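Student: Take a look at this one; I'll ask things after.
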Amino acid sequence: MKVTVERAELLKSLSHVHRVVERRNTIPILANVLIRAERSRLAFKATDLDLEVIETVPAEVGPEGVTTVPAHMFYEIVRKIPEGAQIVLEATGDRAILTIRAGRSKFTLQTLPESDFPDIATGEMTHKFALPARDLKRLIEKTQFAISTEETRYYLNGIYLHTSGSGTDMVLRAVATDGHRLAQVEFPAPTGTEGMPGVIVPRKTVNEVQRLIEDLDAEVTVELSSSKIRFTIGDVVLTSKLIDGTFPDYGRVIPLGNDKELEVGKREFEQAVDRVSTVSSERGRAVKLSLTGGRLVLSVTNPDSGSATEELEVAYEADPIDIGFNSRYLLDIAAQIEGDTAVLRLADPGSPTLVQDKDAKGALYVLMPMRV
Amino acid sequence: MVGFCRDCLDDVPRDVGRCPACGSPRLVRHPALANFAIAHVDCDAFYAAIEKRDDPSLADKPLIVGGGKRGVVSTCCYIARTYGVRSAMPMFQARRLCPQATIIKPDMAKYVRVGREVRALMLELTPLVEPLSIDEAFLDLSGTERLHGMSPAKSLARFARHVEEAIGITISVGLSQNKFLAKLASDLDKPRGYSVIALDDAPAFLAPRPVTYIWGVGPAMGAALAKAGYRLIADLQRADEITLMRSFGAEGQRLHRLAYGIDNREVSPDREAKSVSSETTFNSDVSSVRALERDLWLLSEKVSRRLKADRLAGATITLKLKTADFRLRTRARSLDSPTQLAAKIFDVGQDLLKREADGTKFRLIGIGVSALADEVDADPADLVDRQGERRAAAEHAVDKLRDKFGRDAVVMGRVIEEE
């Protein structure tokens, strides 16, 4: 195998694929990236057995060939080669070594045979649809923060992607929750989603997809079955296993009937919450919201250090209420509001609160109160 | 005061071998005795002493308290020790060394009760009691001279006598100017001992001893130190602080200070618990998932009970297993928010256990909760697990029933043994 490739192209691809490779591996081959030189393209593939990324770049290919080298080391080498350099990769059949040449630098890396490299991307995909990268990115960004990290409830460790409704009203919806908060975003369903199974896309996959989207105007192709999902983003193909579990019936916890409506300026609310929570002993302790006609008082009391209060003018006409929230969760949700005004719909201090963007439709958030 | 008699508490002159008042040879002497106020108190062969107290026919016989047909020696009396029996020794070995020994299964409830009685007497001496375990504690008697009308050294001797009379077991006292030296001292003259180490004498006393003599230096640290050329405490004394810090970080500084007997830790009565845990060693090795789960549930309930009593909750749950061939396996998992519920502790433990219970035989199972927090933050309402609140309410209701009618008033089906 002999390939000549631009450093910039190589670096970009490797930066995408090497992230998939776990830093600590018990199986040596999983620390490697597969390199395949074929028909004037150079393809890279990396996997952690749950997730696989393949990316191809144009290259000047001499003799074709395929091998695998340690992913992180290869990436570091390429990163340190000066900008604008041409890099030559060369492997001969008789020695398990890849030679990397650029200018006056020369590196050799030990290789492992390609035949050992696992392939997880097999199996039929049953559904295929395309959507604008912008929409996919939004779907992820608005729900990602609510994904649970608790292993015991593994079925919450991802985004639940599914369709809802039917006909022209059908939507493609993403939901994530950790039991404390829930985020839901939806779009009109793209063609091809009809009859697709609801799938739970793991957190790592979601993070990678979000980072791979660079051109917001491009189109992303999604293929899925009940056990796998594949995203094709430009030259990158990412295939992932899905979480094998049942996502809870989240519809029951969305409190659409809450009648105490509060409208508050997003920025001033965010800043006020952030300010008063400074006196909390730990990140994410309770902040109390006391609502009376037209007035919101935010307060935090920390028996060890002191207290803070701040008053905001708001639109609120319902009965007075005192309710507590985890300040970090409140800030996470406030950060998702794109417009100027957030709408909070409350019921009572022990029941979930609904948060929405006053102007933008298609996204909603649910937050569980805390005892204060 | 340079010395006094431990039996009658009379001051004794410098050059006598026995107390002129009562004739006892048990004298305590040190030129600076009046200045020492930090003590380490350790009960002698605690479990065995209690058993001998309760059955005087055992008094002159070797006695081993330990797990029934297997397990290890918990405590052995001083007679058994003359045969070479030691704590933590496997039972079969102990029995081979001393076949005539009487063997008694530990009655932890009784020992805990007696331990509390001793603790209560300590608290009459000073509020600054820092328990280390059921049968030992640090005491700081600074400033108690006026209260007790005598020096801390004498108060302690009187306390030792009082424990013997009131509870019927003996203790050993180590007295010094800091915790490190007090603990070393209590070990010098066991049983029924009383010894004093002065800070000024510490460097000479420590110098010829191996580095592992220092508290916190185990086999691993000992090996690391030996590799760097520090075998004896004298080697540490010779090295300068900066060199040790360069090689061993903050630990190096600590070692350098301890090598000279310097220890500035306070006796703190409310040393905060970092974790709450409970474990049990089986009578015979267990591989059945159901049997393991049964014990796991009982332990989860116990841990939960202790958390609730201390108004605590924890977010990290650790399962501990020891295989039949003594390999330790610990598996931990963290929750989003702390819990104090037995059901939740068990759920996580069960999930962790599932991956380990592959037919392997285990001799011990334990469960612990760490990353402790105040109970106000525990078990918040959950959007997804709507059953959670009801389960929590059920558990609290069961707790109330048990408070009222006893621990066995409610028993989970899981605990009932299969036919």
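Simple scheme: letters A, B, ... for chains in structure tokens order, numbers from 1 for residues in each chain, numbers from 1 for ligands in the order shown.
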Can you pull out the residues contacting Ile97 (chain A)? Cut-off 12 Å, using only C-alpha atoms, and skip same-chain residues under 4 positions away; I want them as a PyMOL selection string.

Tutor: chain A and resi 1+66-70+89-93+107-113

Student: Show me, as a ChimeraX atom specification, the residues that have an atom within 10 Å of region 251-255 of chain A when counting only C-alpha atoms, minus same-chain residues fewer than 4 positions from it.

Tutor: /A:182-184,259,345-347,351-355,364-368 /B:382-384,386

Student: What are the residues of chain B lining chain A at 10 Å or less? Count only C-alpha atoms, and put the answer as a short mmCIF file (atom, residue, chain, number, x, y, z; two decimals) with N, CA, C and O atoms, in the first residue's frame.

Tutor:
```cif
data_model
loop_
_atom_site.label_atom_id
_atom_site.label_comp_id
_atom_site.auth_asym_id
_atom_site.auth_seq_id
_atom_site.Cartn_x
_atom_site.Cartn_y
_atom_site.Cartn_z
N ARG B 333 -21.44 1.93 41.70
CA ARG B 333 -22.24 2.69 40.74
C ARG B 333 -22.80 3.93 41.42
O ARG B 333 -23.17 3.90 42.58
N SER B 334 -22.85 5.03 40.66
CA SER B 334 -23.37 6.27 41.23
C SER B 334 -24.75 6.58 40.72
O SER B 334 -25.08 6.30 39.57
N LEU B 335 -25.53 7.16 41.58
CA LEU B 335 -26.88 7.59 41.22
C LEU B 335 -26.87 9.10 40.99
O LEU B 335 -25.99 9.80 41.45
N ASP B 336 -27.89 9.59 40.29
CA ASP B 336 -28.02 11.03 40.07
C ASP B 336 -28.22 11.78 41.37
O ASP B 336 -27.72 12.89 41.54
N SER B 337 -28.98 11.18 42.26
CA SER B 337 -29.24 11.85 43.53
C SER B 337 -29.14 10.83 44.65
O SER B 337 -29.40 9.65 44.43
N ASP B 347 -31.70 -2.45 44.80
CA ASP B 347 -31.84 -2.52 43.34
C ASP B 347 -30.49 -2.38 42.64
O ASP B 347 -30.17 -3.15 41.74
N VAL B 348 -29.73 -1.39 43.06
CA VAL B 348 -28.43 -1.17 42.43
C VAL B 348 -27.50 -2.34 42.75
O VAL B 348 -26.84 -2.89 41.87
N GLY B 349 -27.51 -2.76 44.02
CA GLY B 349 -26.68 -3.88 44.44
C GLY B 349 -27.02 -5.13 43.65
O GLY B 349 -26.15 -5.87 43.20
N ASP B 351 -28.37 -5.31 40.68
CA ASP B 351 -27.94 -5.15 39.30
C ASP B 351 -26.44 -5.44 39.18
O ASP B 351 -25.99 -6.09 38.24
N LEU B 352 -25.67 -4.93 40.15
CA LEU B 352 -24.22 -5.17 40.14
C LEU B 352 -23.92 -6.64 40.39
O LEU B 352 -23.01 -7.22 39.80
N VAL B 376 -32.11 15.69 53.30
CA VAL B 376 -33.09 16.55 52.61
C VAL B 376 -32.95 16.43 51.09
O VAL B 376 -33.90 16.66 50.35
N ASP B 377 -31.75 16.07 50.64
CA ASP B 377 -31.55 15.95 49.19
C ASP B 377 -31.82 14.55 48.67
O ASP B 377 -31.65 14.27 47.49
N PRO B 380 -35.35 12.45 45.55
CA PRO B 380 -36.31 13.43 45.07
C PRO B 380 -37.38 12.76 44.20
O PRO B 380 -37.15 11.67 43.68
N ALA B 381 -38.50 13.43 44.06
CA ALA B 381 -39.56 12.91 43.20
C ALA B 381 -39.02 12.74 41.79
O ALA B 381 -38.16 13.52 41.35
N ASP B 382 -39.48 11.74 41.09
CA ASP B 382 -38.91 11.40 39.80
C ASP B 382 -40.00 11.41 38.73
O ASP B 382 -41.10 10.92 38.96
N LEU B 383 -39.65 11.96 37.58
CA LEU B 383 -40.63 12.04 36.50
C LEU B 383 -40.97 10.66 35.93
O LEU B 383 -42.09 10.39 35.55
N VAL B 384 -39.95 9.82 35.84
CA VAL B 384 -40.13 8.55 35.15
C VAL B 384 -40.63 7.47 36.10
O VAL B 384 -41.58 6.75 35.80
N ASP B 385 -39.98 7.41 37.25
CA ASP B 385 -40.30 6.35 38.20
C ASP B 385 -41.41 6.82 39.13
O ASP B 385 -41.16 7.22 40.26
N ARG B 386 -42.64 6.79 38.64
CA ARG B 386 -43.75 7.28 39.47
C ARG B 386 -44.04 6.31 40.61
O ARG B 386 -44.64 6.68 41.60
#
```

Student: Pick out each residue of region 25-207 of chain B that DSSP on the backbone tags as helix (DSSP H, G or I); I need them as number ranges by chain.

Tutor: B: 33-35, 46-54, 56-58, 78-81, 91-97, 108-125, 145-148, 152-166, 179-186, 199-206

Student: Dump C-alpha atoms for the selected residues as a tab-separated table (two decimals), in the first residue's frame?

Tutor:
```
chain	number	residue	atom	x	y	z
B	33	LEU	CA	3.54	13.26	83.28
B	34	ALA	CA	1.32	16.17	84.21
B	35	ASN	CA	1.65	17.69	80.73
B	46	PHE	CA	-12.52	-7.26	73.93
B	47	TYR	CA	-14.89	-10.00	72.75
B	48	ALA	CA	-13.06	-12.74	74.66
B	49	ALA	CA	-12.98	-10.62	77.82
B	50	ILE	CA	-16.74	-10.14	77.68
B	51	GLU	CA	-17.33	-13.86	77.23
B	52	LYS	CA	-15.03	-14.68	80.14
B	53	ARG	CA	-16.80	-12.12	82.30
B	54	ASP	CA	-20.14	-13.76	81.50
B	56	PRO	CA	-16.28	-17.34	84.86
B	57	SER	CA	-15.58	-21.05	84.24
B	58	LEU	CA	-13.72	-19.91	81.12
B	78	TYR	CA	-4.30	-13.87	76.14
B	79	ILE	CA	-4.06	-17.53	77.14
B	80	ALA	CA	-4.87	-18.61	73.58
B	81	ARG	CA	-2.30	-16.12	72.31
B	91	MET	CA	-10.18	-20.82	62.26
B	92	PHE	CA	-8.75	-24.20	61.24
B	93	GLN	CA	-5.24	-22.97	61.86
B	94	ALA	CA	-6.20	-21.58	65.27
B	95	ARG	CA	-7.79	-24.89	66.19
B	96	ARG	CA	-4.68	-26.79	65.16
B	97	LEU	CA	-2.47	-24.54	67.29
B	108	MET	CA	-22.09	-8.81	68.13
B	109	ALA	CA	-25.20	-7.35	69.73
B	110	LYS	CA	-23.73	-8.01	73.16
B	111	TYR	CA	-20.33	-6.56	72.25
B	112	VAL	CA	-21.92	-3.44	70.82
B	113	ARG	CA	-23.87	-3.04	74.07
B	114	VAL	CA	-20.73	-3.35	76.21
B	115	GLY	CA	-18.84	-1.09	73.80
B	116	ARG	CA	-21.47	1.59	74.40
B	117	GLU	CA	-21.12	1.21	78.17
B	118	VAL	CA	-17.37	1.78	77.89
B	119	ARG	CA	-18.01	4.74	75.60
B	120	ALA	CA	-20.39	6.23	78.17
B	121	LEU	CA	-17.72	6.04	80.86
B	122	MET	CA	-15.23	7.72	78.50
B	123	LEU	CA	-17.67	10.56	78.00
B	124	GLU	CA	-17.71	11.11	81.75
B	125	LEU	CA	-14.01	11.91	81.47
B	145	GLU	CA	-7.76	18.88	85.87
B	146	ARG	CA	-10.09	21.18	87.77
B	147	LEU	CA	-13.17	19.16	86.87
B	148	HIS	CA	-11.74	15.86	88.05
B	152	PRO	CA	-5.35	13.60	83.09
B	153	ALA	CA	-2.85	10.81	83.75
B	154	LYS	CA	-4.52	9.98	87.06
B	155	SER	CA	-8.02	10.40	85.66
B	156	LEU	CA	-7.19	7.76	83.13
B	157	ALA	CA	-5.85	5.35	85.72
B	158	ARG	CA	-8.98	5.87	87.76
B	159	PHE	CA	-11.03	5.35	84.59
B	160	ALA	CA	-9.24	2.04	83.90
B	161	ARG	CA	-9.98	0.88	87.43
B	162	HIS	CA	-13.58	2.02	87.07
B	163	VAL	CA	-14.05	0.07	83.82
B	164	GLU	CA	-12.74	-3.07	85.53
B	165	GLU	CA	-15.09	-2.65	88.47
B	166	ALA	CA	-18.20	-1.49	86.68
B	179	LYS	CA	-2.76	10.76	68.74
B	180	PHE	CA	0.03	9.01	66.87
B	181	LEU	CA	2.17	8.49	69.95
B	182	ALA	CA	-0.80	7.70	72.20
B	183	LYS	CA	-1.83	4.89	69.90
B	184	LEU	CA	1.70	3.47	69.85
B	185	ALA	CA	1.85	3.73	73.63
B	186	SER	CA	-1.36	1.82	74.29
B	199	LEU	CA	7.28	13.74	72.31
B	200	ASP	CA	10.88	14.41	73.36
B	201	ASP	CA	11.56	10.68	73.61
B	202	ALA	CA	9.74	9.82	70.39
B	203	PRO	CA	12.64	10.15	67.89
B	204	ALA	CA	14.82	7.75	69.87
B	205	PHE	CA	11.91	5.41	70.50
B	206	LEU	CA	10.91	5.31	66.82
```

Student: Show me, as a count of residues only, the residues that have an atom within 7 Å of Leu63 (chain B) when counting only C-alpha atoms, minus same-chain residues fewer than 4 positions from it.

Tutor: 7

Student: Rounded to one decimal in Å, what is the spacing between CA of Lys241 (chain A) and CA of Lys228 (chain A)?

Tutor: 4.5 Å

Student: Between A:Ser327, A:Ser280, A:Asn157, A:Ser299, which has the minimum distance to Ile243 (chain A) (counting only C-alpha atoms)?

Tutor: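 Among the listed residues, A:Asn157 lies closest to Ile243 (chain A).
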
Student: So the first atom is CA of Gln144 (chain A) and the second is CA of Glu270 (chain A); what is the distance between them in Å, to one decimal place?

Tutor: 19.3 Å

Student: Please provide the set of residues having any atom within 9 Å of region 48-51 of chain A, restricted to only C-alpha atoms, with same-chain residues fewer than 3 positions apart removed, written as JSON, numbers by chain.

Tutor: {"A": [20, 21, 22, 30, 31, 118, 119, 120, 121, 204, 205, 238, 239, 240, 241, 242]}

Student: Take the residues that were just selected and, keeping N, CA and C atoms, output them as a PDB file, in the first residue's frame.

Tutor:
```
ATOM      1  N   VAL A  20     -13.789   8.114  18.521  1.00  0.00           N
ATOM      2  CA  VAL A  20     -14.589   6.931  18.816  1.00  0.00           C
ATOM      3  C   VAL A  20     -13.780   5.909  19.607  1.00  0.00           C
ATOM      4  N   VAL A  21     -12.467   5.928  19.382  1.00  0.00           N
ATOM      5  CA  VAL A  21     -11.611   4.914  19.993  1.00  0.00           C
ATOM      6  C   VAL A  21     -11.437   5.219  21.478  1.00  0.00           C
ATOM      7  N   GLU A  22     -11.788   4.275  22.308  1.00  0.00           N
ATOM      8  CA  GLU A  22     -11.652   4.455  23.746  1.00  0.00           C
ATOM      9  C   GLU A  22     -10.183   4.545  24.112  1.00  0.00           C
ATOM     10  N   LEU A  30      -9.056  -2.783  19.123  1.00  0.00           N
ATOM     11  CA  LEU A  30      -9.994  -1.667  19.271  1.00  0.00           C
ATOM     12  C   LEU A  30      -9.286  -0.329  19.481  1.00  0.00           C
ATOM     13  N   ALA A  31      -7.992  -0.380  19.773  1.00  0.00           N
ATOM     14  CA  ALA A  31      -7.235   0.864  19.904  1.00  0.00           C
ATOM     15  C   ALA A  31      -6.755   1.357  18.541  1.00  0.00           C
ATOM     16  N   PRO A 118     -13.058  -5.630  13.956  1.00  0.00           N
ATOM     17  CA  PRO A 118     -14.482  -6.012  14.014  1.00  0.00           C
ATOM     18  C   PRO A 118     -15.345  -5.156  13.085  1.00  0.00           C
ATOM     19  N   ASP A 119     -16.432  -5.751  12.671  1.00  0.00           N
ATOM     20  CA  ASP A 119     -17.360  -5.060  11.786  1.00  0.00           C
ATOM     21  C   ASP A 119     -18.727  -5.114  12.445  1.00  0.00           C
ATOM     22  N   ILE A 120     -19.243  -3.951  12.854  1.00  0.00           N
ATOM     23  CA  ILE A 120     -20.546  -3.994  13.517  1.00  0.00           C
ATOM     24  C   ILE A 120     -21.652  -3.514  12.597  1.00  0.00           C
ATOM     25  N   ALA A 121     -21.265  -2.967  11.445  1.00  0.00           N
ATOM     26  CA  ALA A 121     -22.244  -2.286  10.603  1.00  0.00           C
ATOM     27  C   ALA A 121     -22.993  -3.229   9.672  1.00  0.00           C
ATOM     28  N   LYS A 204     -23.267   8.592  23.581  1.00  0.00           N
ATOM     29  CA  LYS A 204     -22.004   8.771  22.866  1.00  0.00           C
ATOM     30  C   LYS A 204     -22.257   8.993  21.376  1.00  0.00           C
ATOM     31  N   THR A 205     -23.197   8.244  20.827  1.00  0.00           N
ATOM     32  CA  THR A 205     -23.530   8.384  19.410  1.00  0.00           C
ATOM     33  C   THR A 205     -24.065   9.784  19.117  1.00  0.00           C
ATOM     34  N   LEU A 238     -21.612   7.093  10.112  1.00  0.00           N
ATOM     35  CA  LEU A 238     -21.547   6.648  11.498  1.00  0.00           C
ATOM     36  C   LEU A 238     -22.653   5.629  11.730  1.00  0.00           C
ATOM     37  N   THR A 239     -22.279   4.437  12.167  1.00  0.00           N
ATOM     38  CA  THR A 239     -23.263   3.401  12.460  1.00  0.00           C
ATOM     39  C   THR A 239     -23.184   3.078  13.941  1.00  0.00           C
ATOM     40  N   SER A 240     -24.330   2.961  14.564  1.00  0.00           N
ATOM     41  CA  SER A 240     -24.330   2.721  16.007  1.00  0.00           C
ATOM     42  C   SER A 240     -25.379   1.696  16.385  1.00  0.00           C
ATOM     43  N   LYS A 241     -25.056   0.941  17.434  1.00  0.00           N
ATOM     44  CA  LYS A 241     -26.083   0.091  18.016  1.00  0.00           C
ATOM     45  C   LYS A 241     -27.048   0.996  18.782  1.00  0.00           C
ATOM     46  N   LEU A 242     -28.253   0.513  18.977  1.00  0.00           N
ATOM     47  CA  LEU A 242     -29.234   1.267  19.738  1.00  0.00           C
ATOM     48  C   LEU A 242     -29.312   0.675  21.137  1.00  0.00           C
TER      49      LEU A 242
END
```

Student: Contacts of Ala137 (chain B) at 9 Å or less, counting only C-alpha atoms, minus same-chain residues fewer than 6 places along, as a list of chain:residue names?

Tutor: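 With the cut-off at 9 Å, the set is B:Ala39, B:His40, B:Val41, B:Asp42, B:Arg119, B:Met122, B:Val129, B:Glu130, B:Pro131.
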
Student: Take the residues that were just selected and, keeping all heavy atoms, output them as a PDB file, in the first residue's frame.

Tutor:
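Wrote it out as out25.pdb, contents follow:
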```
ATOM      1  N   ALA B  39      -4.942  10.627  75.008  1.00  0.00           N
ATOM      2  CA  ALA B  39      -4.843   9.205  75.319  1.00  0.00           C
ATOM      3  C   ALA B  39      -5.485   8.353  74.233  1.00  0.00           C
ATOM      4  O   ALA B  39      -6.397   8.797  73.530  1.00  0.00           O
ATOM      5  CB  ALA B  39      -5.521   8.923  76.654  1.00  0.00           C
ATOM      6  N   HIS B  40      -4.960   7.150  74.131  1.00  0.00           N
ATOM      7  CA  HIS B  40      -5.612   6.146  73.306  1.00  0.00           C
ATOM      8  C   HIS B  40      -5.994   5.018  74.255  1.00  0.00           C
ATOM      9  O   HIS B  40      -5.153   4.494  74.979  1.00  0.00           O
ATOM     10  CB  HIS B  40      -4.670   5.629  72.215  1.00  0.00           C
ATOM     11  CG  HIS B  40      -5.272   4.550  71.372  1.00  0.00           C
ATOM     12  ND1 HIS B  40      -4.916   3.232  71.486  1.00  0.00           N
ATOM     13  CD2 HIS B  40      -6.218   4.610  70.411  1.00  0.00           C
ATOM     14  CE1 HIS B  40      -5.630   2.520  70.619  1.00  0.00           C
ATOM     15  NE2 HIS B  40      -6.430   3.321  69.959  1.00  0.00           N
ATOM     16  N   VAL B  41      -7.281   4.672  74.244  1.00  0.00           N
ATOM     17  CA  VAL B  41      -7.770   3.635  75.137  1.00  0.00           C
ATOM     18  C   VAL B  41      -8.237   2.458  74.294  1.00  0.00           C
ATOM     19  O   VAL B  41      -8.987   2.631  73.337  1.00  0.00           O
ATOM     20  CB  VAL B  41      -8.937   4.171  75.997  1.00  0.00           C
ATOM     21  CG1 VAL B  41      -9.591   3.038  76.762  1.00  0.00           C
ATOM     22  CG2 VAL B  41      -8.428   5.239  76.958  1.00  0.00           C
ATOM     23  N   ASP B  42      -7.757   1.283  74.648  1.00  0.00           N
ATOM     24  CA  ASP B  42      -8.039   0.090  73.854  1.00  0.00           C
ATOM     25  C   ASP B  42      -8.447  -1.027  74.804  1.00  0.00           C
ATOM     26  O   ASP B  42      -7.745  -1.303  75.774  1.00  0.00           O
ATOM     27  CB  ASP B  42      -6.751  -0.287  73.094  1.00  0.00           C
ATOM     28  CG  ASP B  42      -7.020  -1.277  71.990  1.00  0.00           C
ATOM     29  OD1 ASP B  42      -8.198  -1.602  71.751  1.00  0.00           O
ATOM     30  OD2 ASP B  42      -6.031  -1.718  71.365  1.00  0.00           O
ATOM     31  N   ARG B 119     -17.968   3.410  76.210  1.00  0.00           N
ATOM     32  CA  ARG B 119     -18.010   4.737  75.601  1.00  0.00           C
ATOM     33  C   ARG B 119     -18.641   5.746  76.567  1.00  0.00           C
ATOM     34  O   ARG B 119     -18.159   6.875  76.712  1.00  0.00           O
ATOM     35  CB  ARG B 119     -18.819   4.648  74.294  1.00  0.00           C
ATOM     36  CG  ARG B 119     -18.901   5.893  73.463  1.00  0.00           C
ATOM     37  CD  ARG B 119     -17.721   6.092  72.539  1.00  0.00           C
ATOM     38  NE  ARG B 119     -17.165   4.871  71.967  1.00  0.00           N
ATOM     39  CZ  ARG B 119     -17.609   4.292  70.858  1.00  0.00           C
ATOM     40  NH1 ARG B 119     -18.585   4.798  70.177  1.00  0.00           N
ATOM     41  NH2 ARG B 119     -17.007   3.206  70.414  1.00  0.00           N
ATOM     42  N   MET B 122     -16.227   6.812  79.086  1.00  0.00           N
ATOM     43  CA  MET B 122     -15.233   7.721  78.504  1.00  0.00           C
ATOM     44  C   MET B 122     -15.781   9.145  78.488  1.00  0.00           C
ATOM     45  O   MET B 122     -15.080  10.112  78.780  1.00  0.00           O
ATOM     46  CB  MET B 122     -14.902   7.312  77.064  1.00  0.00           C
ATOM     47  CG  MET B 122     -14.102   6.025  76.942  1.00  0.00           C
ATOM     48  SD  MET B 122     -13.898   5.630  75.181  1.00  0.00           S
ATOM     49  CE  MET B 122     -12.914   4.140  75.293  1.00  0.00           C
ATOM     50  N   VAL B 129     -14.134  12.592  72.779  1.00  0.00           N
ATOM     51  CA  VAL B 129     -13.883  11.171  72.576  1.00  0.00           C
ATOM     52  C   VAL B 129     -14.045  10.877  71.090  1.00  0.00           C
ATOM     53  O   VAL B 129     -15.086  11.166  70.519  1.00  0.00           O
ATOM     54  CB  VAL B 129     -14.879  10.304  73.380  1.00  0.00           C
ATOM     55  CG1 VAL B 129     -14.665   8.829  73.080  1.00  0.00           C
ATOM     56  CG2 VAL B 129     -14.740  10.576  74.866  1.00  0.00           C
ATOM     57  N   GLU B 130     -13.000  10.373  70.473  1.00  0.00           N
ATOM     58  CA  GLU B 130     -13.087  10.028  69.051  1.00  0.00           C
ATOM     59  C   GLU B 130     -13.013   8.515  68.915  1.00  0.00           C
ATOM     60  O   GLU B 130     -11.932   7.929  68.994  1.00  0.00           O
ATOM     61  CB  GLU B 130     -11.941  10.684  68.273  1.00  0.00           C
ATOM     62  CG  GLU B 130     -11.966  10.344  66.790  1.00  0.00           C
ATOM     63  CD  GLU B 130     -10.810  10.987  66.025  1.00  0.00           C
ATOM     64  OE1 GLU B 130     -10.391  12.105  66.373  1.00  0.00           O
ATOM     65  OE2 GLU B 130     -10.326  10.349  65.085  1.00  0.00           O
ATOM     66  N   PRO B 131     -14.142   7.864  68.706  1.00  0.00           N
ATOM     67  CA  PRO B 131     -14.121   6.408  68.610  1.00  0.00           C
ATOM     68  C   PRO B 131     -13.422   5.962  67.330  1.00  0.00           C
ATOM     69  O   PRO B 131     -13.602   6.560  66.272  1.00  0.00           O
ATOM     70  CB  PRO B 131     -15.602   6.030  68.543  1.00  0.00           C
ATOM     71  CG  PRO B 131     -16.370   7.282  68.820  1.00  0.00           C
ATOM     72  CD  PRO B 131     -15.478   8.414  68.507  1.00  0.00           C
TER      73      PRO B 131
END
```

Student: Which distance in Å separates CA of Ser277 (chain A) and CA of Gly294 (chain A), to one decimal?

Tutor: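 Atom-to-atom, CA of Ser277 (chain A) to CA of Gly294 (chain A), that is 22.3 Å.
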
Student: Which residues, written as a list in words, have at least one atom at most 8 Å from region 354-363 of chain B, with only C-alpha atoms counted and residues fewer than 4 positions away on the same chain left out?

Tutor: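 Surrounding residues, per the criterion: Thr281, Phe282, Asn283, Ser284, Asp285, Val286, Ser287, Ser288, Val289, Leu321, Lys322, Thr323, Ala324, Phe326 and Gln350 of chain B.
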
Student: Name the residues of region 14-151 of chain A that come out as strand (DSSP E) in a backbone DSSP run; write them as a PyMOL selection string.

Tutor: chain A and resi 32-38+41-47+51-58+60-61+65-70+86-91+97-102+105-110+127-132
